[in-house]
$ cat upload33.txt   # compact mmCIF, N, CA and C atoms
# COMPACT_ATOMS: atom_id res chain seq x y z
N MET A 718 86.40 -80.06 -58.77
CA MET A 718 87.10 -79.35 -59.81
C MET A 718 86.61 -77.91 -59.83
N ARG A 719 87.48 -77.02 -60.19
CA ARG A 719 87.13 -75.61 -60.32
C ARG A 719 87.10 -75.24 -61.80
N HIS A 720 86.04 -74.55 -62.19
CA HIS A 720 85.87 -74.08 -63.56
C HIS A 720 85.82 -72.55 -63.52
N CYS A 721 86.47 -71.91 -64.46
CA CYS A 721 86.43 -70.46 -64.56
C CYS A 721 85.96 -70.12 -65.97
N LEU A 722 84.90 -69.33 -66.05
CA LEU A 722 84.29 -69.01 -67.34
C LEU A 722 84.06 -67.50 -67.45
N ALA A 723 84.02 -67.00 -68.67
CA ALA A 723 83.83 -65.57 -68.90
C ALA A 723 82.62 -65.32 -69.81
N LEU A 724 82.03 -64.16 -69.62
CA LEU A 724 80.89 -63.71 -70.41
C LEU A 724 80.85 -62.20 -70.28
N ASP A 725 80.28 -61.52 -71.24
CA ASP A 725 80.13 -60.07 -71.17
C ASP A 725 78.67 -59.70 -70.96
N LEU A 726 78.46 -58.50 -70.44
CA LEU A 726 77.13 -57.93 -70.31
C LEU A 726 76.94 -56.85 -71.36
N GLN A 727 75.70 -56.58 -71.69
CA GLN A 727 75.40 -55.43 -72.54
C GLN A 727 75.91 -54.18 -71.82
N ASP A 728 76.44 -53.25 -72.57
CA ASP A 728 77.01 -52.04 -71.98
C ASP A 728 75.89 -51.01 -71.74
N ASP A 729 75.07 -51.30 -70.74
CA ASP A 729 73.93 -50.46 -70.41
C ASP A 729 73.75 -50.51 -68.89
N PRO A 730 74.01 -49.41 -68.19
CA PRO A 730 73.93 -49.43 -66.72
C PRO A 730 72.60 -49.94 -66.17
N ALA A 731 71.49 -49.61 -66.82
CA ALA A 731 70.18 -50.08 -66.34
C ALA A 731 70.07 -51.60 -66.47
N LEU A 732 70.55 -52.15 -67.60
CA LEU A 732 70.51 -53.60 -67.79
C LEU A 732 71.44 -54.30 -66.81
N ILE A 733 72.60 -53.73 -66.56
CA ILE A 733 73.55 -54.33 -65.61
C ILE A 733 72.93 -54.35 -64.21
N ALA A 734 72.29 -53.26 -63.81
CA ALA A 734 71.64 -53.22 -62.50
C ALA A 734 70.54 -54.27 -62.40
N GLU A 735 69.77 -54.43 -63.46
CA GLU A 735 68.70 -55.44 -63.48
C GLU A 735 69.28 -56.85 -63.43
N TYR A 736 70.36 -57.10 -64.13
CA TYR A 736 71.04 -58.40 -64.10
C TYR A 736 71.48 -58.72 -62.67
N GLU A 737 72.10 -57.75 -62.02
CA GLU A 737 72.55 -57.97 -60.65
C GLU A 737 71.36 -58.19 -59.71
N ARG A 738 70.27 -57.48 -59.93
CA ARG A 738 69.06 -57.68 -59.12
C ARG A 738 68.56 -59.12 -59.25
N HIS A 739 68.53 -59.63 -60.48
CA HIS A 739 68.10 -61.02 -60.69
C HIS A 739 69.01 -62.00 -59.95
N HIS A 740 70.27 -61.68 -59.85
CA HIS A 740 71.21 -62.59 -59.18
C HIS A 740 71.18 -62.46 -57.65
N ARG A 741 70.46 -61.49 -57.14
CA ARG A 741 70.21 -61.44 -55.69
C ARG A 741 69.00 -62.29 -55.33
N ASP A 742 68.27 -62.73 -56.35
CA ASP A 742 67.06 -63.54 -56.13
C ASP A 742 66.92 -64.56 -57.26
N VAL A 743 67.92 -65.44 -57.36
CA VAL A 743 67.92 -66.47 -58.42
C VAL A 743 66.75 -67.42 -58.18
N TRP A 744 66.11 -67.81 -59.27
CA TRP A 744 64.95 -68.69 -59.19
C TRP A 744 65.33 -70.00 -58.51
N PRO A 745 64.48 -70.53 -57.64
CA PRO A 745 64.77 -71.79 -56.94
C PRO A 745 65.08 -72.95 -57.87
N GLU A 746 64.40 -73.00 -59.02
CA GLU A 746 64.64 -74.09 -59.98
C GLU A 746 66.05 -74.05 -60.53
N VAL A 747 66.58 -72.86 -60.70
CA VAL A 747 67.95 -72.69 -61.21
C VAL A 747 68.94 -73.18 -60.15
N LEU A 748 68.72 -72.77 -58.91
CA LEU A 748 69.60 -73.20 -57.82
C LEU A 748 69.56 -74.72 -57.65
N ALA A 749 68.38 -75.30 -57.71
CA ALA A 749 68.24 -76.76 -57.57
C ALA A 749 68.94 -77.47 -58.72
N HIS A 750 68.81 -76.94 -59.91
CA HIS A 750 69.46 -77.52 -61.09
C HIS A 750 70.98 -77.56 -60.89
N LEU A 751 71.54 -76.48 -60.44
CA LEU A 751 72.99 -76.43 -60.21
C LEU A 751 73.40 -77.47 -59.17
N ARG A 752 72.73 -77.46 -58.06
CA ARG A 752 73.07 -78.40 -56.98
C ARG A 752 72.86 -79.85 -57.40
N ASP A 753 71.76 -80.12 -58.12
CA ASP A 753 71.46 -81.49 -58.56
C ASP A 753 72.50 -82.04 -59.52
N HIS A 754 73.21 -81.14 -60.20
CA HIS A 754 74.22 -81.58 -61.19
C HIS A 754 75.65 -81.48 -60.66
N GLY A 755 75.79 -81.36 -59.34
CA GLY A 755 77.11 -81.45 -58.75
C GLY A 755 77.86 -80.14 -58.61
N VAL A 756 77.18 -79.01 -58.78
CA VAL A 756 77.84 -77.72 -58.55
C VAL A 756 77.79 -77.47 -57.04
N THR A 757 78.96 -77.38 -56.43
CA THR A 757 79.03 -77.21 -54.98
C THR A 757 79.19 -75.75 -54.55
N GLU A 758 79.72 -74.93 -55.44
CA GLU A 758 79.83 -73.49 -55.18
C GLU A 758 79.91 -72.78 -56.52
N LEU A 759 79.37 -71.57 -56.56
CA LEU A 759 79.40 -70.78 -57.80
C LEU A 759 79.42 -69.31 -57.40
N GLU A 760 80.37 -68.58 -57.95
CA GLU A 760 80.45 -67.14 -57.74
C GLU A 760 80.59 -66.46 -59.10
N ILE A 761 79.97 -65.30 -59.23
CA ILE A 761 80.12 -64.49 -60.43
C ILE A 761 80.70 -63.15 -60.00
N PHE A 762 81.79 -62.76 -60.66
CA PHE A 762 82.44 -61.48 -60.41
C PHE A 762 82.24 -60.59 -61.62
N ARG A 763 82.18 -59.26 -61.39
CA ARG A 763 81.99 -58.33 -62.50
C ARG A 763 83.00 -57.19 -62.41
N LEU A 764 83.56 -56.87 -63.56
CA LEU A 764 84.38 -55.67 -63.73
C LEU A 764 83.87 -54.99 -65.00
N GLY A 765 83.20 -53.85 -64.83
CA GLY A 765 82.58 -53.20 -65.99
C GLY A 765 81.54 -54.13 -66.58
N THR A 766 81.73 -54.50 -67.84
CA THR A 766 80.78 -55.39 -68.51
C THR A 766 81.27 -56.84 -68.55
N ARG A 767 82.47 -57.11 -68.06
CA ARG A 767 83.03 -58.47 -68.08
C ARG A 767 82.62 -59.23 -66.83
N LEU A 768 82.08 -60.43 -67.03
CA LEU A 768 81.75 -61.33 -65.93
C LEU A 768 82.72 -62.50 -65.92
N VAL A 769 83.06 -62.94 -64.72
CA VAL A 769 83.86 -64.15 -64.54
C VAL A 769 83.12 -65.03 -63.54
N MET A 770 82.85 -66.26 -63.95
CA MET A 770 82.18 -67.22 -63.09
C MET A 770 83.21 -68.24 -62.61
N VAL A 771 83.25 -68.45 -61.30
CA VAL A 771 84.08 -69.49 -60.72
C VAL A 771 83.12 -70.53 -60.14
N MET A 772 83.23 -71.75 -60.66
CA MET A 772 82.30 -72.81 -60.30
C MET A 772 83.09 -74.02 -59.81
N ASP A 773 82.79 -74.43 -58.59
CA ASP A 773 83.38 -75.64 -58.03
C ASP A 773 82.38 -76.77 -58.17
N THR A 774 82.87 -77.94 -58.58
CA THR A 774 81.99 -79.08 -58.82
C THR A 774 82.49 -80.33 -58.12
N ASP A 775 81.57 -81.21 -57.84
CA ASP A 775 81.86 -82.53 -57.30
C ASP A 775 82.16 -83.43 -58.50
N ASP A 776 83.42 -83.83 -58.64
CA ASP A 776 83.85 -84.60 -59.81
C ASP A 776 83.07 -85.90 -59.98
N ALA A 777 82.58 -86.47 -58.90
CA ALA A 777 81.84 -87.73 -58.99
C ALA A 777 80.44 -87.53 -59.57
N ARG A 778 79.93 -86.31 -59.53
CA ARG A 778 78.55 -86.06 -59.98
C ARG A 778 78.44 -85.11 -61.16
N PHE A 779 79.42 -84.25 -61.36
CA PHE A 779 79.30 -83.21 -62.38
C PHE A 779 79.58 -83.76 -63.77
N ASP A 780 78.66 -83.48 -64.68
CA ASP A 780 78.81 -83.84 -66.09
C ASP A 780 78.24 -82.66 -66.89
N ALA A 781 79.12 -81.87 -67.48
CA ALA A 781 78.70 -80.65 -68.18
C ALA A 781 77.69 -80.95 -69.29
N ALA A 782 77.90 -82.03 -70.02
CA ALA A 782 76.99 -82.37 -71.12
C ALA A 782 75.61 -82.73 -70.58
N ALA A 783 75.55 -83.49 -69.51
CA ALA A 783 74.26 -83.86 -68.92
C ALA A 783 73.55 -82.63 -68.36
N MET A 784 74.32 -81.74 -67.77
CA MET A 784 73.75 -80.51 -67.22
C MET A 784 73.16 -79.65 -68.34
N SER A 785 73.87 -79.53 -69.43
CA SER A 785 73.38 -78.74 -70.58
C SER A 785 72.13 -79.37 -71.18
N ALA A 786 72.13 -80.70 -71.29
CA ALA A 786 70.96 -81.40 -71.84
C ALA A 786 69.74 -81.16 -70.96
N ALA A 787 69.92 -81.21 -69.65
CA ALA A 787 68.81 -80.97 -68.73
C ALA A 787 68.28 -79.55 -68.88
N GLU A 788 69.17 -78.60 -69.13
CA GLU A 788 68.75 -77.20 -69.32
C GLU A 788 67.88 -77.06 -70.57
N ARG A 789 68.19 -77.82 -71.59
CA ARG A 789 67.43 -77.73 -72.85
C ARG A 789 66.05 -78.35 -72.75
N ASP A 790 65.82 -79.18 -71.73
CA ASP A 790 64.55 -79.89 -71.60
C ASP A 790 63.62 -79.31 -70.54
N ASP A 791 64.05 -78.32 -69.80
CA ASP A 791 63.26 -77.78 -68.69
C ASP A 791 62.76 -76.38 -69.04
N PRO A 792 61.45 -76.21 -69.17
CA PRO A 792 60.90 -74.90 -69.56
C PRO A 792 61.31 -73.76 -68.62
N ARG A 793 61.41 -74.03 -67.34
CA ARG A 793 61.77 -72.97 -66.39
C ARG A 793 63.23 -72.55 -66.57
N LEU A 794 64.12 -73.52 -66.81
CA LEU A 794 65.52 -73.19 -67.05
C LEU A 794 65.69 -72.48 -68.39
N ILE A 795 64.92 -72.89 -69.37
CA ILE A 795 64.94 -72.20 -70.67
C ILE A 795 64.51 -70.74 -70.48
N ALA A 796 63.47 -70.53 -69.68
CA ALA A 796 62.99 -69.16 -69.43
C ALA A 796 64.06 -68.33 -68.73
N TRP A 797 64.77 -68.92 -67.75
CA TRP A 797 65.84 -68.20 -67.05
C TRP A 797 66.95 -67.83 -68.02
N GLU A 798 67.40 -68.79 -68.82
CA GLU A 798 68.49 -68.54 -69.76
C GLU A 798 68.09 -67.52 -70.82
N THR A 799 66.86 -67.57 -71.26
CA THR A 799 66.37 -66.59 -72.23
C THR A 799 66.37 -65.19 -71.62
N LEU A 800 65.90 -65.09 -70.38
CA LEU A 800 65.91 -63.81 -69.68
C LEU A 800 67.34 -63.30 -69.51
N MET A 801 68.25 -64.18 -69.06
CA MET A 801 69.63 -63.77 -68.83
C MET A 801 70.30 -63.29 -70.12
N TRP A 802 69.97 -63.91 -71.23
CA TRP A 802 70.59 -63.55 -72.51
C TRP A 802 70.21 -62.14 -72.94
N THR A 803 69.12 -61.57 -72.38
CA THR A 803 68.77 -60.18 -72.70
C THR A 803 69.79 -59.21 -72.10
N PHE A 804 70.52 -59.65 -71.07
CA PHE A 804 71.52 -58.82 -70.41
C PHE A 804 72.94 -59.15 -70.87
N GLN A 805 73.11 -60.35 -71.40
CA GLN A 805 74.45 -60.87 -71.69
C GLN A 805 74.78 -60.79 -73.17
N LYS A 806 76.08 -60.90 -73.45
CA LYS A 806 76.55 -61.07 -74.82
C LYS A 806 77.86 -61.85 -74.77
N ALA A 807 78.18 -62.48 -75.84
CA ALA A 807 79.41 -63.29 -75.91
C ALA A 807 80.63 -62.38 -75.87
N THR A 808 81.73 -62.91 -75.32
CA THR A 808 82.99 -62.17 -75.38
C THR A 808 83.51 -62.23 -76.82
N PRO A 809 84.48 -61.40 -77.15
CA PRO A 809 85.07 -61.49 -78.50
C PRO A 809 85.73 -62.83 -78.78
N TRP A 810 86.02 -63.62 -77.75
CA TRP A 810 86.72 -64.89 -77.91
C TRP A 810 85.79 -66.09 -77.76
N THR A 811 84.51 -65.85 -77.64
CA THR A 811 83.54 -66.93 -77.45
C THR A 811 83.21 -67.59 -78.78
N PRO A 812 83.28 -68.92 -78.84
CA PRO A 812 82.89 -69.61 -80.08
C PRO A 812 81.42 -69.34 -80.41
N ALA A 813 81.11 -69.30 -81.67
CA ALA A 813 79.73 -69.07 -82.12
C ALA A 813 78.80 -70.10 -81.47
N GLY A 814 77.64 -69.62 -81.03
CA GLY A 814 76.65 -70.50 -80.44
C GLY A 814 76.88 -70.80 -78.96
N SER A 815 77.93 -70.24 -78.38
CA SER A 815 78.22 -70.48 -76.96
C SER A 815 77.91 -69.24 -76.15
N LYS A 816 77.86 -69.42 -74.83
CA LYS A 816 77.64 -68.31 -73.91
C LYS A 816 78.87 -68.16 -73.03
N TRP A 817 78.83 -68.79 -71.88
CA TRP A 817 79.96 -68.76 -70.97
C TRP A 817 81.12 -69.51 -71.60
N THR A 818 82.29 -68.90 -71.60
CA THR A 818 83.47 -69.47 -72.25
C THR A 818 84.52 -69.84 -71.21
N PRO A 819 85.01 -71.08 -71.24
CA PRO A 819 86.03 -71.47 -70.27
C PRO A 819 87.30 -70.62 -70.41
N MET A 820 87.87 -70.32 -69.26
CA MET A 820 89.13 -69.56 -69.20
C MET A 820 90.21 -70.52 -68.67
N PRO A 821 91.23 -70.78 -69.45
CA PRO A 821 92.28 -71.69 -68.96
C PRO A 821 93.13 -71.03 -67.88
N SER A 822 93.56 -71.84 -66.94
CA SER A 822 94.44 -71.36 -65.88
C SER A 822 95.84 -71.17 -66.45
N ILE A 823 96.47 -70.05 -66.11
CA ILE A 823 97.84 -69.81 -66.56
C ILE A 823 98.83 -69.76 -65.40
N PHE A 824 98.31 -69.75 -64.15
CA PHE A 824 99.19 -69.75 -62.99
C PHE A 824 98.43 -70.29 -61.79
N ARG A 825 99.14 -71.06 -60.97
CA ARG A 825 98.57 -71.57 -59.74
C ARG A 825 99.65 -71.59 -58.68
N LEU A 826 99.46 -70.86 -57.62
CA LEU A 826 100.46 -70.74 -56.57
C LEU A 826 100.85 -72.10 -56.01
N SER A 827 99.87 -72.98 -55.81
CA SER A 827 100.16 -74.27 -55.23
C SER A 827 101.04 -75.16 -56.12
N ASP A 828 101.17 -74.80 -57.39
CA ASP A 828 102.05 -75.55 -58.28
C ASP A 828 103.50 -75.09 -58.20
N THR A 829 103.77 -74.08 -57.41
CA THR A 829 105.13 -73.56 -57.27
C THR A 829 105.77 -74.12 -56.00
N THR A 830 107.07 -74.08 -55.97
CA THR A 830 107.78 -74.50 -54.77
C THR A 830 108.18 -73.28 -53.99
N SER A 831 108.20 -73.40 -52.68
CA SER A 831 108.65 -72.28 -51.85
C SER A 831 110.13 -72.44 -51.55
N ASP A 832 110.80 -71.33 -51.40
CA ASP A 832 112.25 -71.36 -51.13
C ASP A 832 112.54 -71.42 -49.66
$ encode --input "upload33.txt" --output "C-alpha cells"
Amino acid sequence: MRHCLALDLQDDPALIAEYERHHRDVWPEVLAHLRDHGVTELEIFRLGTRLVMVMDTDDARFDAAAMSAAERDDPRLIAWETLMWTFQKATPWTPAGSKWTPMPSIFRLSDTTSD
C-alpha cells in the first residue's frame, strides 16, 4: 500500500538545512524500526516548508497502530522524534496532537481508461 502524508517545517533556512542533514544520516534504529514494521520504501519531498512523505508498505506486515506503539516505547525512537519536532510543525489541516497528516488521493492515472 502507498501512504502519502504531509507536514510542515519551521520557516527558518538554518533549521531546514539541519533537518535535511539529519535525513542524509538517519539513525540506524529509525531505519530498522521502519523496515521491521513493513515499510518497504519511504521518500520525503520538500517544497519550501511543506514536506510530503510517500511511504510504501507490505500490507501483510504493516500496522500503523503497532508501529506507533513501538515508537512510544523505544527511548531511541522517542529521542529521534523529539529532535525532529524541533524542525517540524503541523500543517494548518493537521488534527491536534498529530504530526504527519494523511493526504487522500484525488487522482490516479491507472484508474482511467485509455482511448
$ residues_around --input "upload33.txt" --residues "stretch 808-811 of chain A" --least-positions-apart "5" --cutoff "6 Å" --atoms "all atoms listed in the file" --output "PyMOL selection string"
chain A and resi 724-725+818
$ select_by_dssp --input "upload33.txt" --residues "chain A" --states "strand (DSSP E)" --output "VMD selection string"
chain A and resid 719 to 726 756 to 764 767 to 774 805 to 806 818 to 819
$ residues_around --input "upload33.txt" --residues "A:Val769" --least-positions-apart "6" --cutoff "7 Å" --atoms "all atoms listed in the file" --output "list in words"
Cys721, Leu722, Ala723, Leu724, Glu760, Ile761, Phe762 and Arg763 of chain A
$ atom_distance --input "upload33.txt" --atom1 "atom CA of A:Phe804" --atom2 "atom CA of A:Val743"
14.7 Å
$ residues_around --input "upload33.txt" --residues "A:Met772" --least-positions-apart "2" --cutoff "7 Å" --atoms "only N, CA and C atoms" --output "JSON, numbers by chain"
{"A": [718, 719, 720, 721, 722, 756, 757, 758, 759, 760, 770, 774]}
$ closest_residue --input "upload33.txt" --among "A:Val747, A:Glu735, A:Phe779, A:Thr829" --to "A:Arg793" --atoms "only N, CA and C atoms"
A:Val747
$ closest_residue --input "upload33.txt" --among "A:Ser815, A:Ala807, A:Asp780, A:Pro821" --to "A:Gln727" --atoms "all atoms listed in the file"
A:Ala807
$ closest_residue --input "upload33.txt" --among "A:Arg825, A:His739, A:Lys806, A:His754" --to "A:Arg778" --atoms "all atoms listed in the file"
A:His754
$ atom_distance --input "upload33.txt" --atom1 "atom N of A:Trp802" --atom2 "atom C of A:Ala777"
28.3 Å
$ atom_distance --input "upload33.txt" --atom1 "atom CA of A:Asp728" --atom2 "atom N of A:Arg767"
8.4 Å
$ select_by_dssp --input "upload33.txt" --residues "chain A" --states "alpha helix (DSSP H)" --output "number ranges by chain"
A: 730-740, 745-753, 781-790, 792-802
$ write_last_selection --input "upload33.txt" --atoms "N, CA and C atoms" --output "short mmCIF file (atom, residue, chain, number, x, y, z; two decimals), in the frame of the given file"
data_model
loop_
_atom_site.label_atom_id
_atom_site.label_comp_id
_atom_site.auth_asym_id
_atom_site.auth_seq_id
_atom_site.Cartn_x
_atom_site.Cartn_y
_atom_site.Cartn_z
N PRO A 730 74.01 -49.41 -68.19
CA PRO A 730 73.93 -49.43 -66.72
C PRO A 730 72.60 -49.94 -66.17
N ALA A 731 71.49 -49.61 -66.82
CA ALA A 731 70.18 -50.08 -66.34
C ALA A 731 70.07 -51.60 -66.47
N LEU A 732 70.55 -52.15 -67.60
CA LEU A 732 70.51 -53.60 -67.79
C LEU A 732 71.44 -54.30 -66.81
N ILE A 733 72.60 -53.73 -66.56
CA ILE A 733 73.55 -54.33 -65.61
C ILE A 733 72.93 -54.35 -64.21
N ALA A 734 72.29 -53.26 -63.81
CA ALA A 734 71.64 -53.22 -62.50
C ALA A 734 70.54 -54.27 -62.40
N GLU A 735 69.77 -54.43 -63.46
CA GLU A 735 68.70 -55.44 -63.48
C GLU A 735 69.28 -56.85 -63.43
N TYR A 736 70.36 -57.10 -64.13
CA TYR A 736 71.04 -58.40 -64.10
C TYR A 736 71.48 -58.72 -62.67
N GLU A 737 72.10 -57.75 -62.02
CA GLU A 737 72.55 -57.97 -60.65
C GLU A 737 71.36 -58.19 -59.71
N ARG A 738 70.27 -57.48 -59.93
CA ARG A 738 69.06 -57.68 -59.12
C ARG A 738 68.56 -59.12 -59.25
N HIS A 739 68.53 -59.63 -60.48
CA HIS A 739 68.10 -61.02 -60.69
C HIS A 739 69.01 -62.00 -59.95
N HIS A 740 70.27 -61.68 -59.85
CA HIS A 740 71.21 -62.59 -59.18
C HIS A 740 71.18 -62.46 -57.65
N PRO A 745 64.48 -70.53 -57.64
CA PRO A 745 64.77 -71.79 -56.94
C PRO A 745 65.08 -72.95 -57.87
N GLU A 746 64.40 -73.00 -59.02
CA GLU A 746 64.64 -74.09 -59.98
C GLU A 746 66.05 -74.05 -60.53
N VAL A 747 66.58 -72.86 -60.70
CA VAL A 747 67.95 -72.69 -61.21
C VAL A 747 68.94 -73.18 -60.15
N LEU A 748 68.72 -72.77 -58.91
CA LEU A 748 69.60 -73.20 -57.82
C LEU A 748 69.56 -74.72 -57.65
N ALA A 749 68.38 -75.30 -57.71
CA ALA A 749 68.24 -76.76 -57.57
C ALA A 749 68.94 -77.47 -58.72
N HIS A 750 68.81 -76.94 -59.91
CA HIS A 750 69.46 -77.52 -61.09
C HIS A 750 70.98 -77.56 -60.89
N LEU A 751 71.54 -76.48 -60.44
CA LEU A 751 72.99 -76.43 -60.21
C LEU A 751 73.40 -77.47 -59.17
N ARG A 752 72.73 -77.46 -58.06
CA ARG A 752 73.07 -78.40 -56.98
C ARG A 752 72.86 -79.85 -57.40
N ASP A 753 71.76 -80.12 -58.12
CA ASP A 753 71.46 -81.49 -58.56
C ASP A 753 72.50 -82.04 -59.52
N ALA A 781 79.12 -81.87 -67.48
CA ALA A 781 78.70 -80.65 -68.18
C ALA A 781 77.69 -80.95 -69.29
N ALA A 782 77.90 -82.03 -70.02
CA ALA A 782 76.99 -82.37 -71.12
C ALA A 782 75.61 -82.73 -70.58
N ALA A 783 75.55 -83.49 -69.51
CA ALA A 783 74.26 -83.86 -68.92
C ALA A 783 73.55 -82.63 -68.36
N MET A 784 74.32 -81.74 -67.77
CA MET A 784 73.75 -80.51 -67.22
C MET A 784 73.16 -79.65 -68.34
N SER A 785 73.87 -79.53 -69.43
CA SER A 785 73.38 -78.74 -70.58
C SER A 785 72.13 -79.37 -71.18
N ALA A 786 72.13 -80.70 -71.29
CA ALA A 786 70.96 -81.40 -71.84
C ALA A 786 69.74 -81.16 -70.96
N ALA A 787 69.92 -81.21 -69.65
CA ALA A 787 68.81 -80.97 -68.73
C ALA A 787 68.28 -79.55 -68.88
N GLU A 788 69.17 -78.60 -69.13
CA GLU A 788 68.75 -77.20 -69.32
C GLU A 788 67.88 -77.06 -70.57
N ARG A 789 68.19 -77.82 -71.59
CA ARG A 789 67.43 -77.73 -72.85
C ARG A 789 66.05 -78.35 -72.75
N ASP A 790 65.82 -79.18 -71.73
CA ASP A 790 64.55 -79.89 -71.60
C ASP A 790 63.62 -79.31 -70.54
N PRO A 792 61.45 -76.21 -69.17
CA PRO A 792 60.90 -74.90 -69.56
C PRO A 792 61.31 -73.76 -68.62
N ARG A 793 61.41 -74.03 -67.34
CA ARG A 793 61.77 -72.97 -66.39
C ARG A 793 63.23 -72.55 -66.57
N LEU A 794 64.12 -73.52 -66.81
CA LEU A 794 65.52 -73.19 -67.05
C LEU A 794 65.69 -72.48 -68.39
N ILE A 795 64.92 -72.89 -69.37
CA ILE A 795 64.94 -72.20 -70.67
C ILE A 795 64.51 -70.74 -70.48
N ALA A 796 63.47 -70.53 -69.68
CA ALA A 796 62.99 -69.16 -69.43
C ALA A 796 64.06 -68.33 -68.73
N TRP A 797 64.77 -68.92 -67.75
CA TRP A 797 65.84 -68.20 -67.05
C TRP A 797 66.95 -67.83 -68.02
N GLU A 798 67.40 -68.79 -68.82
CA GLU A 798 68.49 -68.54 -69.76
C GLU A 798 68.09 -67.52 -70.82
N THR A 799 66.86 -67.57 -71.26
CA THR A 799 66.37 -66.59 -72.23
C THR A 799 66.37 -65.19 -71.62
N LEU A 800 65.90 -65.09 -70.38
CA LEU A 800 65.91 -63.81 -69.68
C LEU A 800 67.34 -63.30 -69.51
N MET A 801 68.25 -64.18 -69.06
CA MET A 801 69.63 -63.77 -68.83
C MET A 801 70.30 -63.29 -70.12
N TRP A 802 69.97 -63.91 -71.23
CA TRP A 802 70.59 -63.55 -72.51
C TRP A 802 70.21 -62.14 -72.94
#
$ closest_residue --input "upload33.txt" --among "A:Ser831, A:Trp744, A:Ala731, A:Glu737" --to "A:Ala796" --atoms "only C-alpha atoms"
A:Trp744
$ closest_residue --input "upload33.txt" --among "A:Leu748, A:Leu726, A:His740, A:Asp776" --to "A:Trp817" --atoms "only C-alpha atoms"
A:Leu726
